[in-house]
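Colleague: Structure incoming, see below.
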Amino acid sequence: MKTTVRSKYTSVTSDDRTIHLLSRRSFTNMSSFASRPALILGSSSPYRRELLSRLRIPFEVAVPDIDEAPLPGEAPEATALRLSQRKAEAIAARHPGALVIGSDQVCTLDGAQIGKPGSHDKALAQLQMMRGKLITFHSALCLLDSRTGQAQTADVQTRATFRDLSDAELDAYLRLETPYDCAGSAKAEGLGIALLARVESDDPTALIGLPLIALTGMLRAAGYPILGA
(Lines give C-alpha, C1' and ligand atoms only; values in the text may rest on other atoms or scores of the structure.)
Protein backbone atom coordinates (compact mmCIF):
# COMPACT_ATOMS: atom_id res chain seq x y z
CA MET A 1 0.00 0.00 0.00
CA LYS A 2 1.33 3.43 -0.92
CA THR A 3 1.78 5.88 1.94
CA THR A 4 2.56 9.54 1.38
CA VAL A 5 3.76 12.15 3.87
CA ARG A 6 4.18 15.87 3.31
CA SER A 7 7.67 16.24 4.75
CA LYS A 8 10.24 16.10 1.95
CA TYR A 9 13.40 15.14 3.81
CA THR A 10 15.22 14.99 7.09
CA SER A 11 18.64 16.54 7.62
CA VAL A 12 21.71 15.33 9.46
CA THR A 13 25.08 17.06 9.67
CA SER A 14 28.35 15.11 9.56
CA ASP A 15 31.97 16.21 9.46
CA ASP A 16 32.19 16.84 5.72
CA ARG A 17 28.67 17.10 4.41
CA THR A 18 25.04 17.78 5.18
CA ILE A 19 22.89 14.79 4.29
CA HIS A 20 19.35 15.19 3.03
CA LEU A 21 17.51 11.88 2.85
CA LEU A 22 13.93 11.72 1.72
CA SER A 23 11.62 10.02 4.19
CA ARG A 24 11.23 6.30 3.56
CA ARG A 25 7.47 6.75 3.68
CA SER A 26 7.65 8.95 0.59
CA PHE A 27 8.41 5.90 -1.58
CA THR A 28 6.09 3.27 -2.90
CA ASN A 29 8.90 0.69 -2.85
CA MET A 30 12.13 1.61 -1.05
CA SER A 31 13.68 -1.75 -1.92
CA SER A 32 14.03 -0.58 -5.52
CA PHE A 33 16.61 1.99 -4.31
CA ALA A 34 18.40 -0.20 -1.78
CA SER A 35 20.64 -1.89 -4.34
CA ARG A 36 21.58 1.31 -6.17
CA PRO A 37 24.70 3.39 -5.57
CA ALA A 38 24.54 6.40 -3.28
CA LEU A 39 23.49 9.57 -5.08
CA ILE A 40 25.33 12.73 -4.00
CA LEU A 41 24.62 16.31 -5.01
CA GLY A 42 27.90 18.24 -5.05
CA SER A 43 26.62 21.71 -4.27
CA SER A 44 26.21 24.27 -1.51
CA SER A 45 23.14 25.74 -3.23
CA PRO A 46 19.82 25.43 -1.36
CA TYR A 47 18.05 25.99 -4.70
CA ARG A 48 19.61 22.88 -6.23
CA ARG A 49 18.81 20.84 -3.13
CA GLU A 50 15.17 21.86 -3.38
CA LEU A 51 15.03 20.98 -7.06
CA LEU A 52 16.57 17.53 -6.57
CA SER A 53 14.20 16.78 -3.70
CA ARG A 54 11.31 17.09 -6.19
CA LEU A 55 12.36 13.75 -7.70
CA ARG A 56 11.58 11.93 -4.41
CA ILE A 57 14.74 9.87 -4.46
CA PRO A 58 17.22 9.47 -1.59
CA PHE A 59 20.32 11.64 -1.91
CA GLU A 60 23.11 13.21 0.07
CA VAL A 61 24.63 16.67 -0.24
CA ALA A 62 28.36 17.33 -0.13
CA VAL A 63 29.97 20.72 -0.59
CA PRO A 64 32.85 20.80 -3.12
CA ASP A 65 35.82 23.01 -2.34
CA ILE A 66 37.12 24.25 -5.70
CA ASP A 67 38.24 27.50 -7.30
CA GLU A 68 35.26 28.72 -9.35
CA ALA A 69 37.04 31.56 -11.15
CA PRO A 70 36.85 31.41 -14.97
CA LEU A 71 40.09 30.82 -16.86
CA PRO A 72 41.51 33.64 -19.00
CA GLY A 73 39.72 33.73 -22.35
CA GLU A 74 37.41 30.87 -21.39
CA ALA A 75 34.01 30.81 -23.09
CA PRO A 76 31.02 30.98 -20.70
CA GLU A 77 29.72 27.53 -21.62
CA ALA A 78 33.21 26.08 -21.22
CA THR A 79 33.45 27.60 -17.74
CA ALA A 80 30.11 26.17 -16.68
CA LEU A 81 30.90 22.69 -18.02
CA ARG A 82 34.40 22.63 -16.53
CA LEU A 83 33.22 23.70 -13.09
CA SER A 84 30.30 21.27 -13.04
CA GLN A 85 32.68 18.40 -13.75
CA ARG A 86 35.30 19.66 -11.28
CA LYS A 87 32.66 19.79 -8.55
CA ALA A 88 31.61 16.21 -9.30
CA GLU A 89 35.22 15.02 -9.37
CA ALA A 90 36.01 16.69 -6.03
CA ILE A 91 33.13 14.90 -4.33
CA ALA A 92 33.73 11.56 -6.09
CA ALA A 93 37.29 11.52 -4.74
CA ARG A 94 35.84 11.49 -1.20
CA HIS A 95 32.99 9.09 -1.96
CA PRO A 96 34.10 6.20 -4.19
CA GLY A 97 31.28 4.08 -5.52
CA ALA A 98 28.75 6.93 -5.65
CA LEU A 99 26.91 8.69 -8.44
CA VAL A 100 27.79 12.37 -8.10
CA ILE A 101 25.91 15.35 -9.52
CA GLY A 102 27.87 18.51 -10.27
CA SER A 103 26.25 21.65 -11.62
CA ASP A 104 27.27 25.22 -12.35
CA GLN A 105 25.56 28.22 -13.90
CA VAL A 106 27.09 31.10 -15.83
CA CYS A 107 25.06 34.15 -16.81
CA THR A 108 26.11 36.07 -19.92
CA LEU A 109 25.32 39.32 -21.71
CA ASP A 110 26.65 39.60 -25.27
CA GLY A 111 29.03 36.73 -24.50
CA ALA A 112 30.50 38.34 -21.37
CA GLN A 113 30.15 36.52 -18.06
CA ILE A 114 28.10 38.05 -15.25
CA GLY A 115 28.85 36.51 -11.86
CA LYS A 116 27.26 36.54 -8.41
CA PRO A 117 27.10 40.15 -7.20
CA GLY A 118 27.76 39.60 -3.49
CA SER A 119 26.44 43.05 -2.52
CA HIS A 120 23.47 45.35 -3.07
CA ASP A 121 25.39 47.95 -5.08
CA LYS A 122 26.92 45.38 -7.42
CA ALA A 123 23.55 43.67 -7.88
CA LEU A 124 21.88 46.96 -8.78
CA ALA A 125 24.62 47.70 -11.32
CA GLN A 126 24.09 44.25 -12.86
CA LEU A 127 20.35 44.70 -13.20
CA GLN A 128 20.74 48.20 -14.65
CA MET A 129 23.07 46.77 -17.28
CA MET A 130 20.70 43.88 -18.04
CA ARG A 131 17.35 45.68 -18.24
CA GLY A 132 15.70 45.44 -21.62
CA LYS A 133 18.39 42.98 -22.76
CA LEU A 134 18.49 39.31 -23.75
CA ILE A 135 20.54 37.33 -21.23
CA THR A 136 21.76 33.75 -21.72
CA PHE A 137 22.11 31.42 -18.75
CA HIS A 138 24.37 28.38 -19.20
CA SER A 139 23.25 25.72 -16.70
CA ALA A 140 25.87 22.98 -16.95
CA LEU A 141 25.35 19.52 -15.52
CA CYS A 142 27.67 16.58 -14.89
CA LEU A 143 26.73 13.12 -13.61
CA LEU A 144 29.90 11.25 -12.66
CA ASP A 145 29.78 7.52 -11.95
CA SER A 146 32.74 7.06 -9.62
CA ARG A 147 32.54 3.28 -10.05
CA THR A 148 33.56 3.55 -13.71
CA GLY A 149 34.86 7.10 -14.04
CA GLN A 150 32.27 7.77 -16.76
CA ALA A 151 30.97 11.36 -16.86
CA GLN A 152 27.86 12.56 -18.65
CA THR A 153 27.72 16.32 -19.28
CA ALA A 154 25.28 18.83 -20.72
CA ASP A 155 24.99 22.60 -21.17
CA VAL A 156 21.32 23.58 -20.97
CA GLN A 157 20.82 27.14 -22.15
CA THR A 158 18.04 29.51 -21.10
CA ARG A 159 17.44 32.79 -22.92
CA ALA A 160 15.74 35.38 -20.72
CA THR A 161 14.60 38.83 -21.82
CA PHE A 162 14.62 41.31 -18.94
CA ARG A 163 12.00 44.01 -18.55
CA ASP A 164 13.09 47.65 -18.84
CA LEU A 165 12.40 48.54 -15.22
CA SER A 166 13.21 51.75 -13.36
CA ASP A 167 16.01 52.10 -10.83
CA ALA A 168 13.41 52.36 -8.07
CA GLU A 169 11.80 49.07 -9.10
CA LEU A 170 15.14 47.29 -9.31
CA ASP A 171 16.19 48.64 -5.91
CA ALA A 172 12.88 47.53 -4.36
CA TYR A 173 13.29 44.03 -5.80
CA LEU A 174 16.80 43.71 -4.39
CA ARG A 175 15.76 44.83 -0.91
CA LEU A 176 12.88 42.36 -0.86
CA GLU A 177 14.69 39.35 -2.36
CA THR A 178 18.40 39.98 -1.55
CA PRO A 179 19.58 37.67 -4.37
CA TYR A 180 23.26 38.44 -3.87
CA ASP A 181 24.29 34.77 -4.22
CA CYS A 182 22.57 34.36 -7.61
CA ALA A 183 24.32 34.81 -10.94
CA GLY A 184 22.94 37.95 -12.56
CA SER A 185 20.96 38.81 -9.40
CA ALA A 186 17.87 37.19 -10.92
CA LYS A 187 16.24 34.78 -8.47
CA ALA A 188 13.68 33.38 -10.89
CA GLU A 189 12.20 30.92 -8.38
CA GLY A 190 11.15 33.93 -6.29
CA LEU A 191 10.32 37.57 -6.92
CA GLY A 192 12.92 37.70 -9.68
CA ILE A 193 10.31 36.33 -12.07
CA ALA A 194 8.90 39.89 -12.13
CA LEU A 195 12.12 41.07 -13.78
CA LEU A 196 11.56 38.88 -16.82
CA ALA A 197 9.47 39.57 -19.91
CA ARG A 198 10.20 36.29 -21.69
CA VAL A 199 12.00 32.99 -21.03
CA GLU A 200 13.01 30.41 -23.64
CA SER A 201 14.43 27.03 -22.62
CA ASP A 202 14.09 23.30 -23.20
CA ASP A 203 14.00 22.75 -19.43
CA PRO A 204 12.00 24.99 -17.04
CA THR A 205 14.20 24.00 -14.07
CA ALA A 206 17.47 25.00 -15.76
CA LEU A 207 17.14 28.69 -14.92
CA ILE A 208 16.93 27.87 -11.19
CA GLY A 209 20.21 25.96 -11.48
CA LEU A 210 19.66 22.20 -11.86
CA PRO A 211 18.22 20.97 -15.20
CA LEU A 212 16.02 18.09 -14.07
CA ILE A 213 15.03 16.94 -17.57
CA ALA A 214 18.67 16.40 -18.51
CA LEU A 215 19.45 14.91 -15.09
CA THR A 216 16.67 12.31 -15.17
CA GLY A 217 17.90 11.20 -18.59
CA MET A 218 21.46 10.89 -17.29
CA LEU A 219 20.34 8.91 -14.23
CA ARG A 220 18.43 6.52 -16.44
CA ALA A 221 21.48 6.05 -18.69
CA ALA A 222 23.57 5.30 -15.58
CA GLY A 223 21.16 2.56 -14.50
CA TYR A 224 19.32 4.66 -11.92
CA PRO A 225 15.80 5.11 -13.30
CA ILE A 226 13.81 7.14 -10.77
CA LEU A 227 10.45 5.59 -11.64
CA GLY A 228 11.57 2.11 -10.65
CA ALA A 229 12.46 -0.99 -12.62
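Letters for chains follow the order of the C-alpha coordinates (A, B, ...), residue numbers begin at 1 for each chain, and ligand numbers begin at 1 in the order shown.
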Using DSSP secondary structure from the backbone, list all alpha helix (DSSP H) positions within range 88-179 of chain A, as an MDAnalysis selection string.
Modeller: chainID A and resid 88:94 120:130 167:177
Colleague: Excluding range 41-43 of chain A and any residue of its chain fewer than 3 positions from it, enumerate the residues within 12 Å of it, using only C-alpha atoms, and give them as a PyMOL selection string.
Modeller: chain A and resi 16-21+38+46-53+57-66+83-95+98-105+141-144+209-210+215
Colleague: Identify, with DSSP run on backbone atoms, the residues in range 88-216 of chain A assigned to strand (DSSP E), and express the list as an MDAnalysis selection string.
Modeller: chainID A and resid 99:109 112:114 134:145 150:162 196:201
Colleague: Which residue out of A:Gln152, A:Thr216, A:Gly223, A:Glu189 has the minimum interatomic distance to Arg56 in chain A when only C-alpha atoms are used?
Modeller: A:Thr216
Colleague: Please measure the separation of CA of Ile193 in chain A and CA of Thr136 in chain A, giving the value in Å to one decimal.
Modeller: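 Computed distance, CA of Ile193 in chain A to CA of Thr136 in chain A, equals 15.2 Å.
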Colleague: Please report the interatomic distance between CA of Asp171 in chain A and CA of Ala125 in chain A in Å with one decimal.
Modeller: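 About the pair CA of Asp171 in chain A and CA of Ala125 in chain A: they are 10.1 Å apart.
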Colleague: Select, from A:Pro96, A:Gly132, A:Gly73, A:Pro179, the residue with the minimum atom-to-atom distance to Gly115 in chain A, counting only C-alpha atoms.
Modeller: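 Under the stated criterion, the closest residue is A:Pro179.
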Colleague: What separation in Å, quoted to one decimal, exists between CA of Asp110 in chain A and CA of Ala160 in chain A?
Modeller: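 These atoms are spaced 12.6 Å apart.
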